[in-house]
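Worksheet for the structure shown next.
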Amino acid sequence: MDGIKEVLELAKIRLGITDNKEDTKLEILISELGHRIIHITNQNPVPKGLYYLWSAMAKDLYLLEYPNSEVADDFIDDGGSNISIGDTTVKEGSSSGNSGSAKNKVLANNLENVIKNCRADLIHYRKMKW
């Protein structure tokens, strides 16, 4: 998919990451978001005009998925127990167990919330299908 490296660099700047330790996690989130953007806009590849929005979405999703990471500490102001982005709040230990199914539900829920918060901006790039 085009644009992943550019969006990765933008997301790292937004998150204040200077090394490559989190690149794999971010690339997976960016790739998944990219597929969702393609699905919503009906444009492949993702338009360059959406790279900044894509990186903002990746930052938000990263903070929701990894609230206990060192990077998230800079964005959390309540001692690390809660993180809020838009209308979504994640509490430390809010997952019900460590089962793969529960983690997948949390990821899907976080992803849907990030997409929902940015949907109005994505719709501007939507092309009709025939």
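The chains in the structure tokens are called A, B, ... from first to last as shown; in each chain the residues are counted from 1, and the ligands are counted from 1 in the order shown.
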### Task
Based on DSSP run over this structure's backbone, return all residues of range 9-130 of chain A in helix (DSSP H, G or I), as a PyMOL selection string.
chain A and resi 9-15+23-41+48-65+72-74+100-123
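Secondary structure of range 9-129 of chain A, strand (DSSP E) only (DSSP, backbone atoms): Asn82, Ile83, Ser84, Ile85, Thr88, Thr89, Val90 and Lys91 of chain A.
Among the candidates A:Asp19, A:Leu61, A:Leu50, A:Gly3, the one nearest to Leu122 in chain A when counting only C-alpha atoms is A:Leu50.
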### Message
I'd like the neighbourhood of Lys59 in chain A as a ChimeraX atom specification, where a residue qualifies if any of its atoms comes within 9 Å (using only C-alpha atoms), though same-chain residues fewer than 4 positions away should be ignored.
### Response
/A:11-12,14-15,26,54-55,63-64
Using the selection just defined, write its residues with all heavy atoms as an mmCIF file, in the first residue's frame.
data_model
loop_
_atom_site.group_PDB
_atom_site.id
_atom_site.type_symbol
_atom_site.label_atom_id
_atom_site.label_comp_id
_atom_site.auth_asym_id
_atom_site.auth_seq_id
_atom_site.Cartn_x
_atom_site.Cartn_y
_atom_site.Cartn_z
ATOM 1 N N ALA A 11 3.260 10.109 11.873
ATOM 2 C CA ALA A 11 2.707 9.620 13.147
ATOM 3 C C ALA A 11 3.777 9.623 14.232
ATOM 4 O O ALA A 11 3.496 9.978 15.388
ATOM 5 C CB ALA A 11 2.129 8.216 12.966
ATOM 6 N N LYS A 12 5.005 9.249 13.876
ATOM 7 C CA LYS A 12 6.089 9.262 14.864
ATOM 8 C C LYS A 12 6.371 10.677 15.353
ATOM 9 O O LYS A 12 6.615 10.892 16.538
ATOM 10 C CB LYS A 12 7.350 8.629 14.264
ATOM 11 C CG LYS A 12 7.246 7.118 14.148
ATOM 12 C CD LYS A 12 8.376 6.504 13.377
ATOM 13 C CE LYS A 12 9.713 6.659 14.041
ATOM 14 N NZ LYS A 12 10.786 5.918 13.346
ATOM 15 N N ARG A 14 4.109 13.123 15.454
ATOM 16 C CA ARG A 14 2.970 13.480 16.307
ATOM 17 C C ARG A 14 3.095 12.861 17.694
ATOM 18 O O ARG A 14 2.691 13.457 18.687
ATOM 19 C CB ARG A 14 1.664 13.016 15.672
ATOM 20 C CG ARG A 14 1.212 13.835 14.505
ATOM 21 C CD ARG A 14 -0.055 13.226 13.918
ATOM 22 N NE ARG A 14 -0.532 13.955 12.783
ATOM 23 C CZ ARG A 14 -1.387 14.985 12.857
ATOM 24 N NH1 ARG A 14 -1.835 15.383 14.007
ATOM 25 N NH2 ARG A 14 -1.773 15.602 11.763
ATOM 26 N N LEU A 15 3.623 11.641 17.754
ATOM 27 C CA LEU A 15 3.759 10.935 19.027
ATOM 28 C C LEU A 15 5.061 11.275 19.759
ATOM 29 O O LEU A 15 5.245 10.874 20.906
ATOM 30 C CB LEU A 15 3.693 9.420 18.794
ATOM 31 C CG LEU A 15 2.321 8.871 18.432
ATOM 32 C CD1 LEU A 15 2.437 7.460 17.852
ATOM 33 C CD2 LEU A 15 1.409 8.869 19.646
ATOM 34 N N LEU A 26 3.143 0.560 14.909
ATOM 35 C CA LEU A 26 2.551 1.661 14.155
ATOM 36 C C LEU A 26 2.238 1.257 12.713
ATOM 37 O O LEU A 26 1.203 1.626 12.179
ATOM 38 C CB LEU A 26 3.490 2.869 14.167
ATOM 39 C CG LEU A 26 3.406 3.761 15.387
ATOM 40 C CD1 LEU A 26 4.558 4.749 15.424
ATOM 41 C CD2 LEU A 26 2.084 4.500 15.419
ATOM 42 N N TRP A 54 -4.680 10.676 8.189
ATOM 43 C CA TRP A 54 -4.302 9.272 8.399
ATOM 44 C C TRP A 54 -3.310 9.168 9.558
ATOM 45 O O TRP A 54 -3.447 8.300 10.422
ATOM 46 C CB TRP A 54 -3.717 8.739 7.104
ATOM 47 C CG TRP A 54 -3.488 7.271 6.978
ATOM 48 C CD1 TRP A 54 -3.808 6.280 7.857
ATOM 49 C CD2 TRP A 54 -2.878 6.610 5.865
ATOM 50 N NE1 TRP A 54 -3.430 5.054 7.363
ATOM 51 C CE2 TRP A 54 -2.855 5.238 6.131
ATOM 52 C CE3 TRP A 54 -2.345 7.070 4.670
ATOM 53 C CZ2 TRP A 54 -2.316 4.307 5.246
ATOM 54 C CZ3 TRP A 54 -1.816 6.140 3.785
ATOM 55 C CH2 TRP A 54 -1.810 4.775 4.081
ATOM 56 N N SER A 55 -2.332 10.067 9.616
ATOM 57 C CA SER A 55 -1.354 10.006 10.708
ATOM 58 C C SER A 55 -1.995 10.400 12.046
ATOM 59 O O SER A 55 -1.654 9.832 13.088
ATOM 60 C CB SER A 55 -0.153 10.910 10.409
ATOM 61 O OG SER A 55 -0.509 12.270 10.413
ATOM 62 N N LEU A 63 -2.587 5.399 20.764
ATOM 63 C CA LEU A 63 -2.779 5.759 22.176
ATOM 64 C C LEU A 63 -3.902 4.948 22.815
ATOM 65 O O LEU A 63 -3.847 4.638 24.010
ATOM 66 C CB LEU A 63 -3.056 7.253 22.309
ATOM 67 C CG LEU A 63 -1.886 8.170 21.953
ATOM 68 C CD1 LEU A 63 -2.321 9.628 21.962
ATOM 69 C CD2 LEU A 63 -0.707 7.935 22.872
ATOM 70 N N LEU A 64 -4.912 4.592 22.039
ATOM 71 C CA LEU A 64 -5.997 3.757 22.563
ATOM 72 C C LEU A 64 -5.563 2.307 22.729
ATOM 73 O O LEU A 64 -5.950 1.636 23.682
ATOM 74 C CB LEU A 64 -7.220 3.824 21.643
ATOM 75 C CG LEU A 64 -8.007 5.127 21.678
ATOM 76 C CD1 LEU A 64 -9.019 5.156 20.548
ATOM 77 C CD2 LEU A 64 -8.690 5.305 23.019
#
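When CA of Lys21 in chain A is paired with CA of Ala58 in chain A, their separation reads 15.9 Å.
Atom pair CA of Ser69 in chain A / CA of Val46 in chain A: separated by 28.6 Å.
A straight line drawn from CA of Lys105 in chain A to CA of Leu29 in chain A is 15.0 Å long.
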### Query
Of the residues A:Asn109, A:Tyr66, A:Met57, A:Lys127, which is the one nearest to Gln43 in chain A, using only C-alpha atoms?
A:Lys127
His39 in chain A environment, 12 Å, only C-alpha atoms, sequence neighbours closer than 5 positions dropped, as a compact mmCIF listing (two decimals) with C-alpha atoms, in the first residue's frame:
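Saved to around_15.txt:
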# COMPACT_ATOMS: atom_id res chain seq x y z
CA GLU A 32 -5.27 -1.34 8.90
CA LEU A 33 -6.40 2.28 8.90
CA GLY A 34 -5.27 2.61 5.29
CA ASN A 44 -6.79 3.32 -4.07
CA PRO A 45 -4.16 4.48 -3.22
CA VAL A 46 -5.07 6.77 -0.34
CA ILE A 115 -12.92 6.01 12.10
CA ARG A 119 -15.62 10.09 9.09
CA LEU A 122 -13.01 11.14 5.00
CA ILE A 123 -16.35 11.64 3.26
CA TYR A 125 -12.66 12.36 -0.47
CA ARG A 126 -15.32 9.76 -1.25
CA LYS A 127 -15.79 8.73 -4.88
CA MET A 128 -18.96 7.08 -6.09
CA LYS A 129 -18.86 3.45 -7.24
### Message
From the options A:Glu70, A:Leu10, A:Asp2, A:Thr88, which residue's atoms come nearest to Ala56 in chain A, counting only C-alpha atoms?
### Response
A:Leu10
### Query
So which one's closest to Ile38 in chain A, A:Met1, A:Asn110, A:Ser84, A:Trp130? Using only C-alpha atoms, please.
A:Met1
